[in-house]
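Chemist: Pasting in a structure now, in structure tokens, and then I'll have a few things to ask.
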Amino acid sequence: MCEEIQAGPRPKGGTDMERTATGEMQFSLLKMTWPVFIELLLQMLVGNIDQIMLSHYNETAVAAVGNANQIMNTLILTFTVISLAATILLSQYLGARQLGKVRQIYTLAAGLNLVLSLVITVGLLLGADGLFAIMQVPPEAVPEARSYLLITALSLPCQALMLTFSAFLRAHAHMLVIMCSTGAINLINIVGNTAFIYGLGPLPRLGAAGAALSTSLCRTAGMLMMLFAFFKSVEGATLSPKVLRPFPTELLRRLLSIGLPAGGEGLSYNLSQSTSLVFVNTIGTYAVTARMYMNMFAQVCYMLVNAVSQAAGIIIGYCIGAKDFDRADRENWRVLRLFAPVTMGIALLLAIFARPLFSLFTTDEQVIALGCRTMWVEVVLEIGRAFNIVLVRNLQAVGDVKFPVALGILSQWIVGVGTAWLFGIYLGWGLVGIWMAFALDENLRAVLFIIRWKAGKWRSIKTV
């Protein structure tokens, strides 16, 4: 069992929020990680179930949804700018026992993400065809990609609020509640896909548009469940404009000063992936399909280390709020020692069993052979990514938010995208060459992030 962490002395009474802030609630890394891992895995399935079920509909629909989801996932990352900053600040303010600030963050973060989601929805409805042209989506996939993107765009406000309330619950260590809600969302998605993709009873066969309808229903249901869980599970939970009078300008500045750089690193990564997808699209639909299936398998590793990083980030945030810097340092290295080898082992197993895994979803030998070759490069990629995800989240939790985004932008675009074009297109190595470029980028950043943490400059950064 992992060592447990306390943020401060244990009081005898008080509300749930007060007990959280003063440290009565203890945090075990493993207890916090497994619900987050299952939650993230279930979140991944919401999108991937669409593609899995569409693979039995037609291959063009799979490529269409893969391209549309690349756009959608990149835009959804903008909501994590506020959600991630809210989680970081909530954990720090709870550790510092500043409950008034905690209540203000609830209303401020929810309001900002709602407005942002409405603006993005309008932009997608007006500019979908332009985005497909920029990405050079294969012409045969454009009609279904357009239908999927436009329908799912209408549910973006629900997605934004679902992520926001999930961030609030996560900061209070209510991971199990989030996991159960995400499980319910997946059940709704499976039933919805069966009804709308293939046509159930009197319903017509809608293909990609049916998958989009099901996804939209899931987001709406997820938002309602997270909202209910927030008010039910968190004492002192409030959403009221009254707490923002007078308007907390300094709190908004802190929220954006953390969120914009922190979200910028993830946004840069997804934009670089979207750019690299343009290279894959020029290779052919078979390469797009192989990439989509390979990403789906590799996300198992990503979800595990992401879950660990979220749990560790919250724990380290509490430590920073309580000014316990040595404990924060120990937790960072303990997480890496425990979980980096695990994700690497999973990647190796996925490479060994790549052929039967790809064969579950396609009979196209060209797709299977390409996917199997590229999965071995994925093993090397996961070595660097395991360190990157944990170290980036922990640097953000301690307030060192500018360095990760600066390094991310430089490496992801110069090394990642630049060498992806060099290896994949110019030298003609195709998808394998593009993946080699990604592996080079991930491992270079891992080395530099380790050096950054060991330098210890984060100990002098001003927090709450």
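Chain labels follow the order of the structure tokens: the first chain is A, the next B, and so on; residue numbering restarts at 1 in every chain, and ligands are counted from 1 in their shown order.
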Neighbours of A:Gly66 within 10 Å (only C-alpha atoms; same-chain residues fewer than 2 positions away dropped), as number ranges by chain?
Modeler: A: 47-48, 50-51, 60-64, 68-72, 141, 145, 277, 288-289, 291-293
Chemist: Pick out the residues sitting within 9 Å of stretch 195-198 of chain A, and hand them over as a VMD selection string; count only C-alpha atoms, and ignore anything fewer than 6 positions along from it in its own chain.
Modeler: chain A and resid 50 53 to 54 57 204 to 214
Chemist: Give me the residues near A:Val379 as a list in words, where near means some atom within 7 Å (using only C-alpha atoms) and where sequence neighbours in that chain fewer than 5 positions away do not count.
Modeler: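 The contact residues come out as Met344, Ala347 and Leu348 of chain A.
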Chemist: May I have the residues from that selection written out with N, CA and C atoms, as a PDB file, in the first residue's frame?
Modeler:
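Output file selection_4.pdb is given in full below:
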```pdb
ATOM      1  N   MET A 344       5.232   0.931 -19.608  1.00  0.00           N
ATOM      2  CA  MET A 344       6.134   0.395 -20.630  1.00  0.00           C
ATOM      3  C   MET A 344       5.833  -1.084 -20.875  1.00  0.00           C
ATOM      4  N   ALA A 347       2.726  -1.426 -23.008  1.00  0.00           N
ATOM      5  CA  ALA A 347       3.024  -1.111 -24.413  1.00  0.00           C
ATOM      6  C   ALA A 347       3.695  -2.289 -25.107  1.00  0.00           C
ATOM      7  N   LEU A 348       4.583  -2.980 -24.392  1.00  0.00           N
ATOM      8  CA  LEU A 348       5.269  -4.137 -24.973  1.00  0.00           C
ATOM      9  C   LEU A 348       4.280  -5.268 -25.264  1.00  0.00           C
TER      10      LEU A 348
END
```
Chemist: I want to know what sits within 10 Å of A:Leu267, based on only C-alpha atoms, with residues of the same chain fewer than 4 positions away left out; could you give that as a list in words?
Modeler: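 Contacts, with the query itself left out: Asn73, Thr74, Leu75, Ile76, Leu77, Thr78, Thr80, Val81, Leu260, Pro261, Ala262, Gly263, Leu271, Ser272, Gln273, Val405, Gly408 and Ile409 of chain A.
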Chemist: Please identify all polymer residues within 10 Å of A:His174, counting only C-alpha atoms, omitting same-chain residues fewer than 3 positions from it, and present them as a list in words.
Modeler: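 Counting only the stated atoms, we get Met32, Pro35, Val36, Ser166, Ala167, Phe168, Leu169, Arg170, Ala171, Val177, Ile178, Met179, Ala229, Phe230, Ser233 and Val234 of chain A.
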Chemist: Between atom CA of A:Ala96 and atom CA of A:Gly321, what distance in Å does the model show, to one decimal?
Modeler: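 If I compute the distance from atom CA of A:Ala96 to atom CA of A:Gly321, I get 4.8 Å.
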Chemist: Just the number, please: distance in Å from atom CA of A:Leu203 to atom CA of A:Asn186, one decimal.
Modeler: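 These two atoms are separated by 20.8 Å.
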Chemist: What is the distance, in Å and to one decimal place, between atom CA of A:Leu84 and atom CA of A:Pro341?
Modeler: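 So the answer is 26.1 Å.
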Chemist: Tell me which of A:Leu131, A:Ala160, A:Leu336, A:Cys372 sits closest to A:Ile352, counting only C-alpha atoms.
Modeler: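 Comparing A:Leu131, A:Ala160, A:Leu336, A:Cys372 against A:Ile352, the winner is A:Cys372.
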Chemist: Using only C-alpha atoms, which residue out of A:Ala153, A:Leu256, A:Leu89, A:Val432 lies closest to A:Leu118?
Modeler: A:Ala153
